[in-house]
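Structure data follow from target.pdb (PDB, C-alpha atoms):
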```pdb
ATOM      1  CA  MET A   1       0.350   0.300  19.600
ATOM      2  CA  LYS A   2       2.331   3.006  17.846
ATOM      3  CA  LEU A   3       2.453   3.119  14.063
ATOM      4  CA  HIS A   4       5.042   5.209  12.239
ATOM      5  CA  TRP A   5       2.703   6.769   9.701
ATOM      6  CA  SER A   6       2.414   9.119   6.744
ATOM      7  CA  PRO A   7      -0.755  10.315   4.993
ATOM      8  CA  ARG A   8       0.962   9.791   1.619
ATOM      9  CA  SER A   9       2.375   6.274   1.932
ATOM     10  CA  PRO A  10       0.353   3.589   0.133
ATOM     11  CA  PHE A  11       1.956   0.913   2.316
ATOM     12  CA  VAL A  12       0.836   2.734   5.460
ATOM     13  CA  ARG A  13      -2.614   3.081   3.922
ATOM     14  CA  LYS A  14      -2.789  -0.670   3.318
ATOM     15  CA  VAL A  15      -2.020  -1.313   6.988
ATOM     16  CA  MET A  16      -4.591   1.220   8.160
ATOM     17  CA  ILE A  17      -7.298  -0.175   5.870
ATOM     18  CA  VAL A  18      -6.702  -3.597   7.395
ATOM     19  CA  ALA A  19      -6.845  -2.065  10.889
ATOM     20  CA  HIS A  20     -10.204  -0.453  10.068
ATOM     21  CA  GLU A  21     -11.576  -3.613   8.455
ATOM     22  CA  LEU A  22     -10.673  -5.596  11.585
ATOM     23  CA  GLY A  23     -11.892  -3.022  14.121
ATOM     24  CA  LEU A  24      -8.407  -2.247  15.432
ATOM     25  CA  ALA A  25      -7.942   1.345  14.272
ATOM     26  CA  ASP A  26      -8.849   2.849  17.647
ATOM     27  CA  ARG A  27      -6.077   0.821  19.291
ATOM     28  CA  ILE A  28      -3.380   2.451  17.142
ATOM     29  CA  THR A  29      -1.592   5.715  17.860
ATOM     30  CA  THR A  30      -0.219   7.100  14.614
ATOM     31  CA  THR A  31       3.066   8.990  14.716
ATOM     32  CA  ARG A  32       3.784  11.259  11.741
ATOM     33  CA  THR A  33       7.129  10.047  10.443
ATOM     34  CA  VAL A  34       8.847  11.685   7.479
ATOM     35  CA  VAL A  35      11.202   9.463   5.499
ATOM     36  CA  GLY A  36      12.525   9.303   1.962
ATOM     37  CA  MET A  37      15.062   7.505  -0.169
ATOM     38  CA  GLU A  38      17.590  10.173   0.743
ATOM     39  CA  GLN A  39      15.969  11.347   3.968
ATOM     40  CA  ILE A  40      16.963   9.544   7.161
ATOM     41  CA  ASN A  41      14.685   9.825  10.184
ATOM     42  CA  GLU A  42      16.894   9.257  13.239
ATOM     43  CA  ALA A  43      13.981   8.421  15.556
ATOM     44  CA  LEU A  44      12.688   5.760  13.174
ATOM     45  CA  LEU A  45      16.169   4.420  12.470
ATOM     46  CA  ALA A  46      16.423   3.352  16.095
ATOM     47  CA  GLU A  47      13.373   1.119  15.616
ATOM     48  CA  ASN A  48      13.736   0.129  11.972
ATOM     49  CA  PRO A  49      17.295   0.091  10.585
ATOM     50  CA  LEU A  50      15.954   0.351   7.026
ATOM     51  CA  ASN A  51      14.272   3.698   7.845
ATOM     52  CA  LYS A  52      10.986   2.608   6.251
ATOM     53  CA  ILE A  53       7.321   3.001   7.079
ATOM     54  CA  PRO A  54       5.046   1.510   8.163
ATOM     55  CA  THR A  55       6.755   0.357  11.334
ATOM     56  CA  LEU A  56       4.604  -0.865  14.220
ATOM     57  CA  VAL A  57       5.818  -0.657  17.826
ATOM     58  CA  LEU A  58       3.865  -2.805  20.264
ATOM     59  CA  ASP A  59       3.159  -1.794  23.854
ATOM     60  CA  ASP A  60       5.884  -4.143  25.090
ATOM     61  CA  GLY A  61       8.436  -2.527  22.769
ATOM     62  CA  GLN A  62       8.483  -5.256  20.117
ATOM     63  CA  VAL A  63       8.830  -3.793  16.617
ATOM     64  CA  ILE A  64       7.067  -5.259  13.582
ATOM     65  CA  TYR A  65       7.656  -4.459   9.903
ATOM     66  CA  ASP A  66       6.964  -4.476   6.907
ATOM     67  CA  SER A  67       3.376  -3.812   5.776
ATOM     68  CA  LEU A  68       2.531  -7.453   5.054
ATOM     69  CA  THR A  69       3.839  -8.624   8.429
ATOM     70  CA  ILE A  70       1.904  -5.862  10.208
ATOM     71  CA  CYS A  71      -1.276  -6.853   8.359
ATOM     72  CA  GLU A  72      -0.747 -10.488   9.338
ATOM     73  CA  TYR A  73      -0.204  -9.426  12.942
ATOM     74  CA  PHE A  74      -3.468  -7.463  12.908
ATOM     75  CA  CYS A  75      -5.319 -10.464  11.458
ATOM     76  CA  ASP A  76      -3.880 -12.711  14.135
ATOM     77  CA  LEU A  77      -4.797 -10.197  16.820
ATOM     78  CA  ALA A  78      -8.371  -9.793  15.601
ATOM     79  CA  GLY A  79      -9.028 -13.296  14.322
ATOM     80  CA  GLY A  80      -9.445 -11.924  10.817
ATOM     81  CA  LYS A  81      -9.640 -13.966   7.634
ATOM     82  CA  LEU A  82      -8.055 -11.537   5.184
ATOM     83  CA  PHE A  83      -5.356 -14.021   4.128
ATOM     84  CA  GLY A  84      -7.464 -17.078   3.417
ATOM     85  CA  THR A  85      -6.803 -20.581   4.683
ATOM     86  CA  GLY A  86      -5.525 -23.794   3.154
ATOM     87  CA  ALA A  87      -4.967 -23.760  -0.592
ATOM     88  CA  ALA A  88      -6.893 -20.478  -0.938
ATOM     89  CA  ARG A  89      -4.217 -18.719   1.137
ATOM     90  CA  TRP A  90      -1.628 -19.096  -1.623
ATOM     91  CA  GLU A  91      -3.943 -17.596  -4.217
ATOM     92  CA  VAL A  92      -4.640 -14.632  -1.920
ATOM     93  CA  LEU A  93      -0.948 -14.125  -1.143
ATOM     94  CA  THR A  94      -0.034 -14.339  -4.826
ATOM     95  CA  ARG A  95      -2.540 -11.609  -5.673
ATOM     96  CA  HIS A  96      -1.159  -9.572  -2.792
ATOM     97  CA  ALA A  97       2.407 -10.050  -4.047
ATOM     98  CA  LEU A  98       1.453  -8.866  -7.529
ATOM     99  CA  ALA A  99      -0.341  -5.744  -6.279
ATOM    100  CA  ASN A 100       2.356  -5.013  -3.703
ATOM    101  CA  SER A 101       5.131  -5.312  -6.307
ATOM    102  CA  PHE A 102       3.085  -2.977  -8.497
ATOM    103  CA  LEU A 103       3.131  -0.456  -5.643
ATOM    104  CA  ASP A 104       6.904  -0.878  -5.326
ATOM    105  CA  ALA A 105       7.275  -0.147  -9.036
ATOM    106  CA  LEU A 106       4.988   2.893  -8.832
ATOM    107  CA  ILE A 107       7.052   4.354  -5.979
ATOM    108  CA  LEU A 108      10.224   3.985  -8.067
ATOM    109  CA  TYR A 109       8.400   5.327 -11.124
ATOM    110  CA  ARG A 110       7.393   8.457  -9.231
ATOM    111  CA  SER A 111      10.883   8.866  -7.787
ATOM    112  CA  GLU A 112      12.390   8.811 -11.263
ATOM    113  CA  ALA A 113       9.689  11.056 -12.755
ATOM    114  CA  THR A 114      10.202  13.746 -10.108
ATOM    115  CA  ARG A 115      13.966  13.997 -10.603
ATOM    116  CA  ALA A 116      15.316  17.023 -12.453
ATOM    117  CA  PRO A 117      14.715  16.443 -16.182
ATOM    118  CA  ALA A 118      18.443  16.323 -16.927
ATOM    119  CA  GLN A 119      18.870  13.511 -14.378
ATOM    120  CA  GLN A 120      15.958  11.343 -15.487
ATOM    121  CA  SER A 121      16.504   8.073 -17.311
ATOM    122  CA  ALA A 122      14.290   7.829 -20.375
ATOM    123  CA  GLY A 123      14.830   4.074 -20.385
ATOM    124  CA  LEU A 124      13.645   3.672 -16.802
ATOM    125  CA  LEU A 125      10.601   5.858 -17.356
ATOM    126  CA  ALA A 126       9.660   3.873 -20.464
ATOM    127  CA  ALA A 127      10.097   0.584 -18.597
ATOM    128  CA  PHE A 128       7.946   1.750 -15.693
ATOM    129  CA  ALA A 129       5.252   2.952 -18.102
ATOM    130  CA  THR A 130       5.281  -0.408 -19.894
ATOM    131  CA  LYS A 131       5.044  -2.359 -16.624
ATOM    132  CA  THR A 132       2.194  -0.151 -15.424
ATOM    133  CA  THR A 133       0.181  -0.769 -18.583
ATOM    134  CA  ALA A 134       0.951  -4.498 -18.487
ATOM    135  CA  MET A 135      -0.194  -4.757 -14.884
ATOM    136  CA  LEU A 136      -3.425  -2.882 -15.538
ATOM    137  CA  ASN A 137      -4.146  -5.062 -18.565
ATOM    138  CA  HIS A 138      -3.388  -8.239 -16.605
ATOM    139  CA  VAL A 139      -5.456  -7.717 -13.480
ATOM    140  CA  SER A 140      -9.136  -8.624 -13.384
ATOM    141  CA  ALA A 141     -11.845  -7.008 -11.302
ATOM    142  CA  PRO A 142     -12.230  -9.006  -8.065
ATOM    143  CA  PRO A 143     -15.651 -10.376  -7.089
ATOM    144  CA  PRO A 144     -17.942  -7.709  -5.598
ATOM    145  CA  GLY A 145     -18.001  -7.600  -1.811
ATOM    146  CA  ARG A 146     -14.794  -9.534  -1.236
ATOM    147  CA  ALA A 147     -12.080  -7.709   0.725
ATOM    148  CA  ASP A 148      -9.023  -9.853   1.349
ATOM    149  CA  ILE A 149      -5.409  -8.656   1.513
ATOM    150  CA  GLY A 150      -5.010  -9.028  -2.256
ATOM    151  CA  ASP A 151      -8.096  -6.918  -2.952
ATOM    152  CA  ILE A 152      -7.082  -4.277  -0.405
ATOM    153  CA  THR A 153      -3.602  -3.963  -1.896
ATOM    154  CA  LEU A 154      -4.962  -3.726  -5.435
ATOM    155  CA  ALA A 155      -7.351  -0.963  -4.339
ATOM    156  CA  VAL A 156      -4.474   0.894  -2.682
ATOM    157  CA  ALA A 157      -2.409   0.628  -5.876
ATOM    158  CA  LEU A 158      -5.252   1.995  -8.006
ATOM    159  CA  ALA A 159      -5.788   4.791  -5.489
ATOM    160  CA  TYR A 160      -2.079   5.607  -5.674
ATOM    161  CA  LEU A 161      -2.381   5.857  -9.458
ATOM    162  CA  ASP A 162      -5.131   8.440  -8.959
ATOM    163  CA  PHE A 163      -3.055  10.241  -6.318
ATOM    164  CA  ARG A 164       0.283  10.412  -8.155
ATOM    165  CA  PHE A 165      -0.379   9.415 -11.782
ATOM    166  CA  ALA A 166      -3.752  10.921 -12.648
ATOM    167  CA  HIS A 167      -2.529  11.569 -16.209
ATOM    168  CA  ILE A 168      -2.381   7.815 -16.895
ATOM    169  CA  GLY A 169      -6.176   7.502 -16.972
ATOM    170  CA  TRP A 170      -6.138   3.841 -15.941
ATOM    171  CA  ARG A 171      -9.950   3.491 -16.104
ATOM    172  CA  GLU A 172     -10.047   3.951 -19.871
ATOM    173  CA  GLY A 173     -10.840   0.642 -21.533
ATOM    174  CA  ARG A 174     -11.186  -1.123 -18.167
ATOM    175  CA  PRO A 175     -14.841  -0.614 -17.155
ATOM    176  CA  ALA A 176     -15.104  -3.701 -14.927
ATOM    177  CA  LEU A 177     -12.008  -2.773 -12.934
ATOM    178  CA  ALA A 178     -13.163   0.843 -12.660
ATOM    179  CA  GLU A 179     -16.608  -0.250 -11.449
ATOM    180  CA  TRP A 180     -15.071  -2.583  -8.855
ATOM    181  CA  TYR A 181     -12.723   0.133  -7.625
ATOM    182  CA  ALA A 182     -15.549   2.667  -7.307
ATOM    183  CA  ALA A 183     -17.531   0.244  -5.149
ATOM    184  CA  PHE A 184     -14.505  -0.740  -3.067
ATOM    185  CA  SER A 185     -13.588   2.910  -2.531
ATOM    186  CA  ALA A 186     -16.940   3.447  -0.814
ATOM    187  CA  ARG A 187     -15.946   1.118   2.030
ATOM    188  CA  PRO A 188     -15.539   3.018   5.327
ATOM    189  CA  SER A 189     -11.965   1.736   5.629
ATOM    190  CA  MET A 190     -11.034   3.344   2.304
ATOM    191  CA  ILE A 191     -12.790   6.619   3.097
ATOM    192  CA  ALA A 192     -11.086   6.846   6.505
ATOM    193  CA  THR A 193      -7.623   6.427   4.988
ATOM    194  CA  THR A 194      -7.694   8.669   1.921
ATOM    195  CA  ALA A 195      -4.188   9.729   0.919
ATOM    196  CA  VAL A 196      -3.356  13.432   1.177
ATOM    197  CA  ASP A 197      -0.262  15.542   0.658
ATOM    198  CA  GLY A 198       1.038  17.040   3.834
TER     199      GLY A 198
END
```
If you convert what's in this file into structure tokens, what do you get?
Amino acid sequence: MKLHWSPRSPFVRKVMIVAHELGLADRITTTRTVVGMEQINEALLAENPLNKIPTLVLDDGQVIYDSLTICEYFCDLAGGKLFGTGAARWEVLTRHALANSFLDALILYRSEATRAPAQQSAGLLAAFATKTTAMLNHVSAPPPGRADIGDITLAVALAYLDFRFAHIGWREGRPALAEWYAAFSARPSMIATTAVDG
């Protein structure tokens, strides 16, 4: 399998954490793929018309996207239980949706914050800051030892805060969440997928 990959993308990291958790990482060839909101990658465009990563290309040429679908494919392939079953599945997917939407907002927040100061929208920046605080105040520390798709995505979002928004200091006043994240970050899957610039 070929995965269009970047060491900076939190959505790629989510997929790779799942691959490591399920013992599939050694079956994936990662292809460094540079994309951006204003940066079209012609090679990727041929496989994903939205020019987004992660994009997974199977050995038979079938293409799978986005990150959630790729994670579900990996779970199906490996017989994993990261999505829950029965009624529990909807609770897991709801937590995933919340954390994943948080990641979406953080990407847009960073995009706005890195624009030239004269082009930034103070209203947008204030809204993103408010949503970030609201999310952090809303979420509870998951049970120790659990690692489903909701937990993985929450950990990726908190890691992205450290990576791109260190000034926010999200741990302050949230000791239980900080303790959970510290323990979760020690998992081999998290260590193997640490985000880096480059």
Might you pull out every residue within 6 Å of region 51-56 of chain A, with only C-alpha atoms counted and same-chain residues fewer than 5 positions away left off, and present them as JSON, numbers by chain?
{"A": [2, 3, 4, 5, 12, 44, 45, 63, 64, 65]}
Would you save the residues from that selection as a PDB file, keeping the file's coordinate frame, using C-alpha atoms?
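The result, written out as result-v7.pdb:
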```
ATOM      1  CA  LYS A   2       2.331   3.006  17.846  1.00  0.00           C
ATOM      2  CA  LEU A   3       2.453   3.119  14.063  1.00  0.00           C
ATOM      3  CA  HIS A   4       5.042   5.209  12.239  1.00  0.00           C
ATOM      4  CA  TRP A   5       2.703   6.769   9.701  1.00  0.00           C
ATOM      5  CA  VAL A  12       0.836   2.734   5.460  1.00  0.00           C
ATOM      6  CA  LEU A  44      12.688   5.760  13.174  1.00  0.00           C
ATOM      7  CA  LEU A  45      16.169   4.420  12.470  1.00  0.00           C
ATOM      8  CA  VAL A  63       8.830  -3.793  16.617  1.00  0.00           C
ATOM      9  CA  ILE A  64       7.067  -5.259  13.582  1.00  0.00           C
ATOM     10  CA  TYR A  65       7.656  -4.459   9.903  1.00  0.00           C
TER      11      TYR A  65
END
```
What lies within 12 Å of Ser111 (chain A) using only C-alpha atoms, ignoring chain neighbours under 3 positions off, as a list in words?
Gly36, Met37, Glu38, Asp104, Ala105, Leu106, Ile107, Leu108, Thr114, Arg115, Ala116, Pro117, Gln119, Gln120, Ser121, Leu124, Leu125, Phe128, Arg164 and Phe165 of chain A
Can you write out the residues you just picked, keeping C-alpha atoms, as a CSV table (one decimal), in the frame of the given file?
```csv
chain,number,residue,atom,x,y,z
A,36,GLY,CA,12.5,9.3,2.0
A,37,MET,CA,15.1,7.5,-0.2
A,38,GLU,CA,17.6,10.2,0.7
A,104,ASP,CA,6.9,-0.9,-5.3
A,105,ALA,CA,7.3,-0.1,-9.0
A,106,LEU,CA,5.0,2.9,-8.8
A,107,ILE,CA,7.1,4.4,-6.0
A,108,LEU,CA,10.2,4.0,-8.1
A,114,THR,CA,10.2,13.7,-10.1
A,115,ARG,CA,14.0,14.0,-10.6
A,116,ALA,CA,15.3,17.0,-12.5
A,117,PRO,CA,14.7,16.4,-16.2
A,119,GLN,CA,18.9,13.5,-14.4
A,120,GLN,CA,16.0,11.3,-15.5
A,121,SER,CA,16.5,8.1,-17.3
A,124,LEU,CA,13.6,3.7,-16.8
A,125,LEU,CA,10.6,5.9,-17.4
A,128,PHE,CA,7.9,1.8,-15.7
A,164,ARG,CA,0.3,10.4,-8.2
A,165,PHE,CA,-0.4,9.4,-11.8
```
Which residues of region 133-189 of chain A come within 10 Å of region 77-81 of chain A, and what is each one's closest atom pair and distance in Å (one decimal), counting only C-alpha atoms, sorted by chain and residue number, as a tab-separated table?
```
residue	atom	partner	partner_atom	distance
A:Ala147	CA	A:Lys81	CA	9.6
A:Asp148	CA	A:Lys81	CA	7.5
A:Ile149	CA	A:Lys81	CA	9.1
```
Expand the PyMOL selection byres ((chain A and resi 16) around 10) into the individual residues it matches in the shown file, reporting them as a ChimeraX atom specification.
/A:3,5,10-15,17-22,24-25,28,30,54,67,70-71,74,189-190,192-193
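All residues of protein, DNA or RNA that reach within 10 Å of Leu161 (chain A), judged by only C-alpha atoms and not counting those fewer than 4 positions away in the chain, are Leu103, Leu106, Thr132, Ala155, Val156, Ala157, Phe165, Ala166, His167, Ile168, Gly169 and Trp170 of chain A.
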Output for the residues just chosen: C-alpha atoms as a PDB file, in the frame of the given file:
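File written: again_26.pdb
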```pdb
ATOM      1  CA  LEU A 103       3.131  -0.456  -5.643  1.00  0.00           C
ATOM      2  CA  LEU A 106       4.988   2.893  -8.832  1.00  0.00           C
ATOM      3  CA  THR A 132       2.194  -0.151 -15.424  1.00  0.00           C
ATOM      4  CA  ALA A 155      -7.351  -0.963  -4.339  1.00  0.00           C
ATOM      5  CA  VAL A 156      -4.474   0.894  -2.682  1.00  0.00           C
ATOM      6  CA  ALA A 157      -2.409   0.628  -5.876  1.00  0.00           C
ATOM      7  CA  PHE A 165      -0.379   9.415 -11.782  1.00  0.00           C
ATOM      8  CA  ALA A 166      -3.752  10.921 -12.648  1.00  0.00           C
ATOM      9  CA  HIS A 167      -2.529  11.569 -16.209  1.00  0.00           C
ATOM     10  CA  ILE A 168      -2.381   7.815 -16.895  1.00  0.00           C
ATOM     11  CA  GLY A 169      -6.176   7.502 -16.972  1.00  0.00           C
ATOM     12  CA  TRP A 170      -6.138   3.841 -15.941  1.00  0.00           C
TER      13      TRP A 170
END
```
Let me know the residues the PyMOL selection byres ((chain A and resi 176) around 12) catches in the file above, as an NGL selection string.
:A and (136-137 or 139-144 or 170-175 or 177-183)
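Relative to CA of Ala129 (chain A), CA of Ser101 (chain A) is found at 14.4 Å.
Between CA of Met1 (chain A) and CA of Ala97 (chain A) lies a distance of 25.9 Å.
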One-decimal distance in Å that lies between CA of Cys75 (chain A) and CA of Asp151 (chain A):
15.1 Å
Using all atoms listed in the file, find all polymer residues with an atom at most 6 Å away from the point (-1.8, -17.1, 2.1); report them as a PyMOL selection string.
chain A and resi 83-84+89-90+92-93
Box time for region 142-161 of chain A: axis-aligned, enclosing all its listed atoms, 6 Å extra on each side; report centre and edge lengths in Å to one decimal, as AutoDock Vina command-line options.
```
--center_x -10.0 --center_y -2.3 --center_z -4.0 --size_x 27.9 --size_y 28.2 --size_z 23.0
```
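With distances taken over all atoms listed in the file, A:Arg32 is the one residue among A:His96, A:Arg32, A:His138, A:Arg187 lying closest to Ser9 (chain A).
Distance check against Met135 (chain A) using all atoms listed in the file: of A:Ala99, A:Ala122, A:Ala186, A:Ala159, the minimum falls on A:Ala99.
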